[in-house]
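Some notes on the structure that comes next.
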Amino acid sequence: MTETQHDLQLQPEMPPTRWGDPAHAGPLPDGVRDLVSLVFPLVETPAAAEVAVPAPALPADLVDGLRELLGEEHVVLDDAVRRNRTRGKSTPDLLRQRAGDLADVPDVVVRPGGHDDVQAVLDYAAEHRIAVVPFGGGTSVTGGLAVERDGYTGVVSLDLGRMRSLLALDPVSSTATLGPGLRGPEAEALLAEHGLMLGHFPQSFEFATIGGFAATRSSGQSSAGYGRFDAMVVGLRAATPRGEVRLGGTAPSNASGPDLRELFLGSEGAFGVITEVTVRVRPLPEVKEYEGWHWPSFAAGADAMRALAQGDLLPTVLRLSDENETAINLARPDAIGGEGSAGPGGGGCLMIVGYEGTPAAVAAKKVAVAAALTDLGGTPLGAEPGEAWAAGRFNAPYLRDSLLDVGVIVETLETVTFWSNRERLYAAVRSALESALGEGTMVLCHISHVYATGCSLYFTVAAAGGTPGAGGEGRLDRWLAAKTAANDAIVASGASITHHHAVGTDHRDWLQPEIGDLGVAVLRAVKRELDPAGILNPGVLIP
């Protein structure tokens, strides 16, 4: 198949101090404001006045060298573009931006058009000791775009936004090769022209990119049915300071030694820049149906999820909110502050179940899952809660920003463990966050991803902001202390420091207890071999 691509005109970007499309941002809905004001003092907290972007530190002759490689129009010094490439979209990232902290701003943004351009930039950067930070959608929530400047001539943001093509399609084998700069909706639109889909829908779907999904080992909201993104990848191509790497893509599986794709899946731009990703694709579903189920407790609902996973009865979507998250309707952003979704009488927990596929397959799976959930003590709530969740599934970050506007700390974190350790982990993280943030802290949780052996817990935290001020410096300090306490609790509970948000800089110091000293030494050895000058995303991932 010949290469297919969208118009390469750059798409609208997220603003530096908020998530998403500015047209969708707004003040807190009245119901949410009334609910939050019962718990927290609301203090209007606007961003500080916009400060000037520091002048580029990269010498002018080196900028000219980049222009010779890529063409003048693809080497950008514009202040607004550089500002928008400063960090990601975690709450700490946004609070620093709102406070006018631009210490991490790149000196220049370069926009390669393909693999050869990326390789040329890396070769040049290694020669001149320029730090290179790969940039896809800018959706990192773990400090994955926070740069280390010390010891480098300058910092380049490597924007992959021009690399947005469907490069190849093999409909017989159900594989497609995608450019790393394709956003989630763009990739799905290109595949849909051929009656196919990828089926990867994380909360960042609208802005995150194919390369970012691969580099962070992303997991989407339909993972119960379609799997994690890394499980979809059958091959990839990457540029490193030592040259090109092509891995996989020749067969569905093999025994040709360790799977070296895993060095780049989850590498977060520290080992190389992913320039092509070959993935498994599937037919577009003819039917999509979502529904709600009520459970008397979080433990009862979790046991039911485990039974489905271990009985090979997983639907496409399976999520369970705990009692607190259910009570405030966080699974239904349009109804927050309204009557709870847990069924008659209130209380209990809401489970969202979704089915996608052919009419016959969906009907059969629904009957089988409903029988199992009923036997396990669940109560069906019909389609309305499921459809409401599906309609608002990407809206939570907008609500986070609106709460930041009124001085509330809001952030999320996630972890993963075996089923036998779920209750211990859940209690430990809740306790750590409540102790660190004090009375009135709201800690909500849902099970976001399930396996036969375990599950991922996804926490949402809201707390009083402490000392008010432009940008919310007090909130930043309070959250960083709470995040440290939560990370310590996760490690002490024997769980993983991250399931799908990645390591970045926020989790880097807690990776060593999980993989051990020898594991860290292996990562450092790979870094030295692939990136001997240490120019790629310095400070990220590796302890």
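Numbering starts fresh at 1 for the residues of each chain in the structure tokens, the chains themselves are lettered A, B, ... in the order given, and ligands are numbered from 1 as they appear.
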For the interface of range 306-401 of chain A with range 426-444 of chain A (cut-off 7 Å, counting only C-alpha atoms), please tabulate each contacting residue of range 306-401 of chain A alongside its nearest pair of atoms and their separation in Å to one decimal, rows sorted by chain and increasing number, as a Markdown table.
```
| residue | atom | partner | partner_atom | distance |
| --- | --- | --- | --- | --- |
| A:Asp322 | CA | A:Leu444 | CA | 6.9 |
| A:Asn324 | CA | A:Leu444 | CA | 5.5 |
| A:Glu325 | CA | A:Leu444 | CA | 5.0 |
```
* Asked: Which residues in range 261-403 of chain A does DSSP call strand (DSSP E or B)? List them as a PyMOL selection string.
  -> chain A and resi 273-280+282-283+287-295+317-321+349-357+379-382
Any chance you could list, as a CSV table (one decimal) with all heavy atoms, in the first residue's frame, the residues in range 129-368 of chain A that come up alpha helix (DSSP H) when DSSP is run on the backbone?
```csv
chain,number,residue,atom,x,y,z
A,184,GLY,N,-3.8,10.0,18.3
A,184,GLY,CA,-4.7,8.9,18.4
A,184,GLY,C,-5.8,9.0,17.4
A,184,GLY,O,-6.1,8.0,16.6
A,185,PRO,N,-6.6,10.1,17.3
A,185,PRO,CA,-7.7,10.2,16.4
A,185,PRO,C,-7.3,10.1,14.9
A,185,PRO,O,-8.0,9.6,14.1
A,185,PRO,CB,-8.3,11.5,16.7
A,185,PRO,CG,-7.9,11.8,18.2
A,185,PRO,CD,-6.6,11.2,18.3
A,186,GLU,N,-6.1,10.7,14.6
A,186,GLU,CA,-5.6,10.6,13.3
A,186,GLU,C,-5.3,9.2,12.8
A,186,GLU,O,-5.6,8.8,11.7
A,186,GLU,CB,-4.4,11.5,13.1
A,186,GLU,CG,-4.6,13.0,13.3
A,186,GLU,CD,-3.3,13.8,13.2
A,186,GLU,OE1,-2.3,13.3,13.8
A,186,GLU,OE2,-3.3,14.8,12.6
A,187,ALA,N,-4.7,8.4,13.7
A,187,ALA,CA,-4.3,7.1,13.4
A,187,ALA,C,-5.6,6.3,13.2
A,187,ALA,O,-5.7,5.5,12.2
A,187,ALA,CB,-3.5,6.4,14.5
A,188,GLU,N,-6.6,6.5,14.0
A,188,GLU,CA,-7.8,5.7,13.9
A,188,GLU,C,-8.6,6.1,12.6
A,188,GLU,O,-9.2,5.3,11.9
A,188,GLU,CB,-8.7,5.9,15.1
A,188,GLU,CG,-8.2,5.3,16.4
A,188,GLU,CD,-8.2,3.8,16.4
A,188,GLU,OE1,-8.6,3.2,15.4
A,188,GLU,OE2,-7.7,3.2,17.4
A,189,ALA,N,-8.5,7.4,12.2
A,189,ALA,CA,-9.2,7.9,11.0
A,189,ALA,C,-8.5,7.3,9.8
A,189,ALA,O,-9.2,6.8,8.8
A,189,ALA,CB,-9.1,9.4,10.9
A,190,LEU,N,-7.2,7.2,9.7
A,190,LEU,CA,-6.5,6.6,8.6
A,190,LEU,C,-6.8,5.1,8.5
A,190,LEU,O,-7.1,4.6,7.3
A,190,LEU,CB,-5.0,6.8,8.7
A,190,LEU,CG,-4.5,8.2,8.5
A,190,LEU,CD1,-3.0,8.3,8.8
A,190,LEU,CD2,-4.7,8.6,7.0
A,191,LEU,N,-6.9,4.4,9.6
A,191,LEU,CA,-7.2,3.0,9.5
A,191,LEU,C,-8.6,2.8,9.2
A,191,LEU,O,-9.0,1.8,8.5
A,191,LEU,CB,-6.8,2.3,10.9
A,191,LEU,CG,-5.4,2.3,11.2
A,191,LEU,CD1,-5.2,1.8,12.7
A,191,LEU,CD2,-4.6,1.3,10.3
A,192,ALA,N,-9.5,3.6,9.6
A,192,ALA,CA,-10.9,3.5,9.4
A,192,ALA,C,-11.3,3.6,7.9
A,192,ALA,O,-12.2,3.0,7.4
A,192,ALA,CB,-11.7,4.5,10.1
A,210,ILE,N,1.3,8.0,18.5
A,210,ILE,CA,1.7,6.7,18.3
A,210,ILE,C,3.1,6.4,18.9
A,210,ILE,O,3.3,5.5,19.7
A,210,ILE,CB,1.7,6.2,16.9
A,210,ILE,CG1,0.2,6.2,16.3
A,210,ILE,CG2,2.3,4.9,16.7
A,210,ILE,CD1,-0.7,5.2,17.0
A,211,GLY,N,4.0,7.3,18.6
A,211,GLY,CA,5.3,7.2,19.2
A,211,GLY,C,5.3,7.3,20.7
A,211,GLY,O,6.0,6.5,21.4
A,212,GLY,N,4.5,8.2,21.3
A,212,GLY,CA,4.4,8.3,22.7
A,212,GLY,C,3.8,7.0,23.3
A,212,GLY,O,4.2,6.6,24.4
A,213,PHE,N,2.7,6.5,22.7
A,213,PHE,CA,2.2,5.2,23.2
A,213,PHE,C,3.2,4.2,23.3
A,213,PHE,O,3.2,3.4,24.3
A,213,PHE,CB,1.1,4.7,22.2
A,213,PHE,CG,-0.2,5.6,22.1
A,213,PHE,CD1,-0.9,5.5,21.0
A,213,PHE,CD2,-0.6,6.5,23.1
A,213,PHE,CE1,-2.1,6.3,20.8
A,213,PHE,CE2,-1.7,7.2,23.0
A,213,PHE,CZ,-2.5,7.2,21.9
A,214,ALA,N,4.1,4.0,22.3
A,214,ALA,CA,5.1,3.0,22.3
A,214,ALA,C,6.2,3.3,23.4
A,214,ALA,O,6.6,2.4,24.1
A,214,ALA,CB,5.7,2.9,20.9
A,215,ALA,N,6.6,4.5,23.4
A,215,ALA,CA,7.7,4.9,24.3
A,215,ALA,C,7.4,4.9,25.8
A,215,ALA,O,8.3,4.8,26.6
A,215,ALA,CB,8.3,6.3,23.9
A,216,THR,N,6.1,4.9,26.1
A,216,THR,CA,5.7,4.8,27.5
A,216,THR,C,4.9,3.5,27.9
A,216,THR,O,4.5,3.4,29.0
A,216,THR,CB,4.8,6.0,27.8
A,216,THR,OG1,3.6,6.0,27.0
A,216,THR,CG2,5.5,7.3,27.6
A,223,SER,N,-8.5,-1.8,27.3
A,223,SER,CA,-7.4,-2.8,27.3
A,223,SER,C,-7.9,-4.2,27.7
A,223,SER,O,-7.3,-5.2,27.4
A,223,SER,CB,-6.3,-2.4,28.4
A,223,SER,OG,-6.9,-2.4,29.7
A,224,ALA,N,-9.0,-4.3,28.4
A,224,ALA,CA,-9.6,-5.7,28.7
A,224,ALA,C,-9.8,-6.5,27.4
A,224,ALA,O,-9.6,-7.7,27.4
A,224,ALA,CB,-10.9,-5.5,29.5
A,225,GLY,N,-10.3,-5.8,26.4
A,225,GLY,CA,-10.6,-6.5,25.2
A,225,GLY,C,-9.4,-6.4,24.1
A,225,GLY,O,-9.2,-7.4,23.4
A,226,TYR,N,-8.7,-5.3,24.1
A,226,TYR,CA,-7.7,-5.1,23.0
A,226,TYR,C,-6.3,-5.2,23.5
A,226,TYR,O,-5.4,-5.2,22.7
A,226,TYR,CB,-8.0,-3.7,22.3
A,226,TYR,CG,-9.3,-3.6,21.7
A,226,TYR,CD1,-10.0,-2.4,21.7
A,226,TYR,CD2,-9.9,-4.7,21.0
A,226,TYR,CE1,-11.2,-2.2,21.1
A,226,TYR,CE2,-11.2,-4.5,20.4
A,226,TYR,CZ,-11.8,-3.3,20.5
A,226,TYR,OH,-13.0,-3.2,19.9
A,229,PHE,N,-0.8,-1.2,24.6
A,229,PHE,CA,-0.2,-0.8,23.3
A,229,PHE,C,1.0,-1.7,23.0
A,229,PHE,O,1.2,-2.1,21.9
A,229,PHE,CB,0.1,0.7,23.3
A,229,PHE,CG,0.5,1.1,22.0
A,229,PHE,CD1,-0.4,1.5,21.0
A,229,PHE,CD2,1.8,1.3,21.6
A,229,PHE,CE1,-0.1,1.9,19.7
A,229,PHE,CE2,2.2,1.7,20.3
A,229,PHE,CZ,1.3,2.0,19.4
A,230,ASP,N,1.8,-1.9,24.0
A,230,ASP,CA,3.1,-2.7,23.8
A,230,ASP,C,2.7,-4.1,23.2
A,230,ASP,O,3.5,-4.6,22.5
A,230,ASP,CB,4.0,-2.7,25.0
A,230,ASP,CG,3.3,-3.1,26.3
A,230,ASP,OD1,2.1,-3.3,26.3
A,230,ASP,OD2,4.0,-3.2,27.3
A,231,ALA,N,1.6,-4.6,23.6
A,231,ALA,CA,1.2,-5.9,23.1
A,231,ALA,C,0.7,-5.9,21.7
A,231,ALA,O,0.7,-6.9,21.0
A,231,ALA,CB,0.1,-6.5,24.0
A,232,MET,N,0.4,-4.7,21.2
A,232,MET,CA,-0.1,-4.5,19.8
A,232,MET,C,1.1,-4.4,18.9
A,232,MET,O,1.0,-4.5,17.7
A,232,MET,CB,-1.0,-3.3,19.7
A,232,MET,CG,-2.2,-3.3,20.6
A,232,MET,SD,-3.1,-1.7,20.4
A,232,MET,CE,-4.4,-2.0,21.6
A,298,PHE,N,-16.4,-2.3,47.1
A,298,PHE,CA,-15.3,-2.3,46.1
A,298,PHE,C,-14.7,-3.7,46.1
A,298,PHE,O,-14.3,-4.2,45.0
A,298,PHE,CB,-14.2,-1.3,46.6
A,298,PHE,CG,-13.2,-0.9,45.6
A,298,PHE,CD1,-13.5,-0.7,44.2
A,298,PHE,CD2,-11.9,-0.8,46.0
A,298,PHE,CE1,-12.5,-0.4,43.3
A,298,PHE,CE2,-10.9,-0.5,45.1
A,298,PHE,CZ,-11.2,-0.3,43.7
A,299,ALA,N,-14.6,-4.3,47.3
A,299,ALA,CA,-14.0,-5.7,47.3
A,299,ALA,C,-14.9,-6.7,46.5
A,299,ALA,O,-14.3,-7.5,45.8
A,299,ALA,CB,-13.9,-6.1,48.8
A,300,ALA,N,-16.2,-6.6,46.6
A,300,ALA,CA,-17.0,-7.5,45.9
A,300,ALA,C,-16.9,-7.3,44.4
A,300,ALA,O,-16.9,-8.3,43.6
A,300,ALA,CB,-18.5,-7.3,46.3
A,301,GLY,N,-16.9,-6.0,44.0
A,301,GLY,CA,-16.7,-5.8,42.5
A,301,GLY,C,-15.3,-6.2,42.0
A,301,GLY,O,-15.2,-6.8,40.9
A,302,ALA,N,-14.3,-6.0,42.8
A,302,ALA,CA,-13.0,-6.5,42.4
A,302,ALA,C,-12.9,-8.0,42.3
A,302,ALA,O,-12.3,-8.6,41.4
A,302,ALA,CB,-11.9,-6.0,43.4
A,303,ASP,N,-13.6,-8.7,43.2
A,303,ASP,CA,-13.6,-10.2,43.1
A,303,ASP,C,-14.3,-10.6,41.8
A,303,ASP,O,-13.9,-11.6,41.2
A,303,ASP,CB,-14.3,-10.8,44.3
A,303,ASP,CG,-13.5,-10.7,45.6
A,303,ASP,OD1,-12.2,-10.5,45.5
A,303,ASP,OD2,-14.0,-10.9,46.7
A,304,ALA,N,-15.3,-9.9,41.5
A,304,ALA,CA,-16.0,-10.2,40.2
A,304,ALA,C,-15.2,-10.0,39.0
A,304,ALA,O,-15.2,-10.8,38.0
A,304,ALA,CB,-17.3,-9.4,40.1
A,305,MET,N,-14.4,-8.9,39.0
A,305,MET,CA,-13.5,-8.6,37.9
A,305,MET,C,-12.4,-9.8,37.8
A,305,MET,O,-12.1,-10.2,36.7
A,305,MET,CB,-12.8,-7.3,38.1
A,305,MET,CG,-13.7,-6.1,38.1
A,305,MET,SD,-12.8,-4.6,38.5
A,305,MET,CE,-12.5,-3.9,36.8
A,306,ARG,N,-11.9,-10.2,38.9
A,306,ARG,CA,-11.0,-11.3,38.9
A,306,ARG,C,-11.6,-12.5,38.3
A,306,ARG,O,-10.9,-13.2,37.6
A,306,ARG,CB,-10.5,-11.5,40.3
A,306,ARG,CG,-9.5,-12.7,40.5
A,306,ARG,CD,-8.9,-12.7,41.8
A,306,ARG,NE,-9.8,-12.9,42.9
A,306,ARG,CZ,-10.3,-14.1,43.3
A,306,ARG,NH1,-9.9,-15.2,42.7
A,306,ARG,NH2,-11.2,-14.2,44.3
A,307,ALA,N,-12.8,-12.8,38.7
A,307,ALA,CA,-13.5,-14.0,38.2
A,307,ALA,C,-13.6,-13.9,36.7
A,307,ALA,O,-13.4,-14.9,36.0
A,307,ALA,CB,-14.8,-14.2,38.9
A,308,LEU,N,-14.0,-12.8,36.2
A,308,LEU,CA,-14.1,-12.6,34.7
A,308,LEU,C,-12.7,-12.8,34.0
A,308,LEU,O,-12.6,-13.6,33.0
A,308,LEU,CB,-14.6,-11.3,34.3
A,308,LEU,CG,-16.1,-10.9,34.7
A,308,LEU,CD1,-16.5,-9.6,34.2
A,308,LEU,CD2,-17.1,-12.0,34.1
A,309,ALA,N,-11.7,-12.2,34.6
A,309,ALA,CA,-10.4,-12.3,34.0
A,309,ALA,C,-9.9,-13.7,34.0
A,309,ALA,O,-9.3,-14.2,33.0
A,309,ALA,CB,-9.4,-11.4,34.7
A,310,GLN,N,-10.0,-14.4,35.1
A,310,GLN,CA,-9.5,-15.8,35.3
A,310,GLN,C,-10.4,-16.8,34.6
A,310,GLN,O,-10.0,-17.9,34.3
A,310,GLN,CB,-9.4,-16.1,36.8
A,310,GLN,CG,-8.3,-15.2,37.4
A,310,GLN,CD,-8.1,-15.5,38.9
A,310,GLN,OE1,-9.0,-16.1,39.5
A,310,GLN,NE2,-7.1,-15.0,39.5
A,323,GLU,N,-16.2,3.2,46.4
A,323,GLU,CA,-17.3,3.9,47.0
A,323,GLU,C,-17.2,5.4,46.9
A,323,GLU,O,-18.2,6.1,46.6
A,323,GLU,CB,-17.5,3.5,48.5
A,323,GLU,CG,-17.9,2.0,48.7
A,323,GLU,CD,-16.8,1.0,48.7
A,323,GLU,OE1,-15.6,1.4,48.4
A,323,GLU,OE2,-17.1,-0.2,49.0
A,324,ASN,N,-16.1,6.0,47.1
A,324,ASN,CA,-15.9,7.4,47.1
A,324,ASN,C,-16.0,8.0,45.7
A,324,ASN,O,-16.7,9.0,45.4
A,324,ASN,CB,-14.5,7.8,47.6
A,324,ASN,CG,-14.5,7.7,49.1
A,324,ASN,OD1,-15.5,7.5,49.8
A,324,ASN,ND2,-13.3,7.8,49.7
A,325,GLU,N,-15.4,7.3,44.7
A,325,GLU,CA,-15.5,7.7,43.3
A,325,GLU,C,-16.9,7.6,42.8
A,325,GLU,O,-17.4,8.4,42.0
A,325,GLU,CB,-14.5,7.0,42.5
A,325,GLU,CG,-14.4,7.5,41.0
A,325,GLU,CD,-13.3,6.9,40.2
A,325,GLU,OE1,-12.1,7.2,40.5
A,325,GLU,OE2,-13.6,6.0,39.4
A,326,THR,N,-17.6,6.5,43.2
A,326,THR,CA,-19.0,6.3,42.8
A,326,THR,C,-19.9,7.4,43.4
A,326,THR,O,-20.8,7.9,42.7
A,326,THR,CB,-19.5,4.9,43.2
A,326,THR,OG1,-18.7,3.9,42.6
A,326,THR,CG2,-20.9,4.7,42.9
A,327,ALA,N,-19.6,7.8,44.7
A,327,ALA,CA,-20.5,8.7,45.3
A,327,ALA,C,-20.6,10.1,44.7
A,327,ALA,O,-21.6,10.7,44.7
A,327,ALA,CB,-20.1,8.8,46.8
A,359,PRO,N,-22.4,-8.0,15.9
A,359,PRO,CA,-23.6,-8.2,16.7
A,359,PRO,C,-23.7,-9.5,17.4
A,359,PRO,O,-24.1,-9.6,18.5
A,359,PRO,CB,-24.8,-8.0,15.6
A,359,PRO,CG,-24.1,-7.1,14.6
A,359,PRO,CD,-22.7,-7.5,14.5
A,360,ALA,N,-23.3,-10.6,16.7
A,360,ALA,CA,-23.4,-11.9,17.3
A,360,ALA,C,-22.4,-12.0,18.4
A,360,ALA,O,-22.8,-12.6,19.5
A,360,ALA,CB,-23.2,-13.0,16.2
A,361,ALA,N,-21.2,-11.6,18.2
A,361,ALA,CA,-20.2,-11.7,19.2
A,361,ALA,C,-20.6,-10.9,20.5
A,361,ALA,O,-20.4,-11.3,21.6
A,361,ALA,CB,-18.8,-11.3,18.7
A,362,VAL,N,-21.0,-9.6,20.3
A,362,VAL,CA,-21.4,-8.8,21.4
A,362,VAL,C,-22.6,-9.4,22.2
A,362,VAL,O,-22.6,-9.5,23.4
A,362,VAL,CB,-21.8,-7.4,20.9
A,362,VAL,CG1,-22.5,-6.6,22.0
A,362,VAL,CG2,-20.5,-6.7,20.5
A,363,ALA,N,-23.6,-9.9,21.5
A,363,ALA,CA,-24.7,-10.5,22.1
A,363,ALA,C,-24.3,-11.7,23.0
A,363,ALA,O,-24.8,-11.9,24.1
A,363,ALA,CB,-25.8,-10.9,21.1
A,364,ALA,N,-23.5,-12.5,22.4
A,364,ALA,CA,-23.0,-13.7,23.1
A,364,ALA,C,-22.2,-13.4,24.4
A,364,ALA,O,-22.4,-13.9,25.4
A,364,ALA,CB,-22.2,-14.6,22.2
A,365,LYS,N,-21.3,-12.4,24.2
A,365,LYS,CA,-20.5,-12.0,25.4
A,365,LYS,C,-21.3,-11.4,26.4
A,365,LYS,O,-21.1,-11.6,27.6
A,365,LYS,CB,-19.4,-11.1,24.9
A,365,LYS,CG,-18.4,-10.6,26.0
A,365,LYS,CD,-17.7,-11.8,26.6
A,365,LYS,CE,-16.6,-12.5,25.8
A,365,LYS,NZ,-15.4,-11.7,25.6
A,366,LYS,N,-22.3,-10.5,26.1
A,366,LYS,CA,-23.1,-9.9,27.1
A,366,LYS,C,-23.9,-10.9,27.9
A,366,LYS,O,-24.0,-10.8,29.1
A,366,LYS,CB,-24.1,-8.9,26.4
A,366,LYS,CG,-23.6,-7.6,25.9
A,366,LYS,CD,-24.6,-6.7,25.5
A,366,LYS,CE,-25.5,-6.2,26.6
A,366,LYS,NZ,-26.5,-5.2,26.1
A,367,VAL,N,-24.4,-11.9,27.2
A,367,VAL,CA,-25.2,-12.9,28.0
A,367,VAL,C,-24.3,-13.7,28.9
A,367,VAL,O,-24.6,-13.9,30.1
A,367,VAL,CB,-25.8,-13.9,27.0
A,367,VAL,CG1,-26.4,-15.1,27.7
A,367,VAL,CG2,-27.0,-13.3,26.2
A,368,ALA,N,-23.1,-14.0,28.5
A,368,ALA,CA,-22.2,-14.8,29.3
A,368,ALA,C,-21.7,-14.0,30.5
A,368,ALA,O,-21.6,-14.4,31.7
A,368,ALA,CB,-21.0,-15.3,28.5
```
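In this comparison, which uses only C-alpha atoms, the residue of A:Ile535, A:Glu289, A:Gly143, A:Ala57 approaching Ala383 in chain A most closely is A:Glu289.
Take CA of Gln221 in chain A and CA of Trp293 in chain A: the distance between them is 17.2 Å.
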* Just the residues within 7 Å of Gly357 in chain A, please, counting only C-alpha atoms, with nothing from its chain fewer than 6 positions along; format it as number ranges by chain. => A: 285-288
Given the selection you just returned, output its residues as a file containing all heavy atoms, formatted as a PDB file, in the first residue's frame.
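This went into selection-v5.pdb:
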```pdb
ATOM      1  N   PRO A 285     -15.385  -2.322  14.848  1.00  0.00           N
ATOM      2  CA  PRO A 285     -16.545  -3.009  15.429  1.00  0.00           C
ATOM      3  C   PRO A 285     -17.844  -2.518  14.810  1.00  0.00           C
ATOM      4  O   PRO A 285     -18.016  -1.327  14.555  1.00  0.00           O
ATOM      5  CB  PRO A 285     -16.455  -2.637  16.912  1.00  0.00           C
ATOM      6  CG  PRO A 285     -15.686  -1.366  16.942  1.00  0.00           C
ATOM      7  CD  PRO A 285     -14.711  -1.441  15.806  1.00  0.00           C
ATOM      8  N   GLU A 286     -18.744  -3.437  14.572  1.00  0.00           N
ATOM      9  CA  GLU A 286     -20.054  -3.074  14.045  1.00  0.00           C
ATOM     10  C   GLU A 286     -20.978  -2.576  15.149  1.00  0.00           C
ATOM     11  O   GLU A 286     -21.920  -1.812  14.894  1.00  0.00           O
ATOM     12  CB  GLU A 286     -20.688  -4.290  13.353  1.00  0.00           C
ATOM     13  CG  GLU A 286     -19.881  -4.818  12.171  1.00  0.00           C
ATOM     14  CD  GLU A 286     -20.482  -6.090  11.609  1.00  0.00           C
ATOM     15  OE1 GLU A 286     -21.724  -6.122  11.413  1.00  0.00           O
ATOM     16  OE2 GLU A 286     -19.746  -7.065  11.380  1.00  0.00           O
ATOM     17  N   VAL A 287     -20.715  -3.011  16.365  1.00  0.00           N
ATOM     18  CA  VAL A 287     -21.574  -2.693  17.502  1.00  0.00           C
ATOM     19  C   VAL A 287     -20.700  -2.257  18.671  1.00  0.00           C
ATOM     20  O   VAL A 287     -19.655  -2.856  18.927  1.00  0.00           O
ATOM     21  CB  VAL A 287     -22.417  -3.924  17.915  1.00  0.00           C
ATOM     22  CG1 VAL A 287     -23.215  -3.627  19.184  1.00  0.00           C
ATOM     23  CG2 VAL A 287     -23.341  -4.342  16.792  1.00  0.00           C
ATOM     24  N   LYS A 288     -21.151  -1.199  19.386  1.00  0.00           N
ATOM     25  CA  LYS A 288     -20.532  -0.797  20.644  1.00  0.00           C
ATOM     26  C   LYS A 288     -21.642  -0.606  21.675  1.00  0.00           C
ATOM     27  O   LYS A 288     -22.554   0.188  21.455  1.00  0.00           O
ATOM     28  CB  LYS A 288     -19.757   0.514  20.483  1.00  0.00           C
ATOM     29  CG  LYS A 288     -18.556   0.459  19.567  1.00  0.00           C
ATOM     30  CD  LYS A 288     -17.838   1.802  19.543  1.00  0.00           C
ATOM     31  CE  LYS A 288     -16.629   1.782  18.633  1.00  0.00           C
ATOM     32  NZ  LYS A 288     -15.909   3.095  18.644  1.00  0.00           N
TER      33      LYS A 288
END
```
* Could you check which of A:Leu404, A:Asn537, A:Leu399, A:Glu423 is closest to Pro106 in chain A, using only C-alpha atoms? => A:Asn537
Please report as a Markdown table every residue of range 176-260 of chain A lying within 12 Å of range 83-95 of chain A, along with the nearest atom pair and their distance in Å (one decimal), using only C-alpha atoms.
```
| residue | atom | partner | partner_atom | distance |
| --- | --- | --- | --- | --- |
| A:Ser204 | CA | A:Lys89 | CA | 10.2 |
| A:Phe207 | CA | A:Lys89 | CA | 11.2 |
| A:Ala208 | CA | A:Gly88 | CA | 11.1 |
```
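Each of A:Pro252, A:Gly292, A:Pro258, A:Gly195 was checked against Val234 in chain A using only C-alpha atoms; the smallest atom-to-atom distance is that of A:Pro252.
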* Would you please work out which residue, of A:Ser37, A:Gly392, A:Met14, A:Ile515, is nearest to Val406 in chain A when using only C-alpha atoms? => A:Ser37
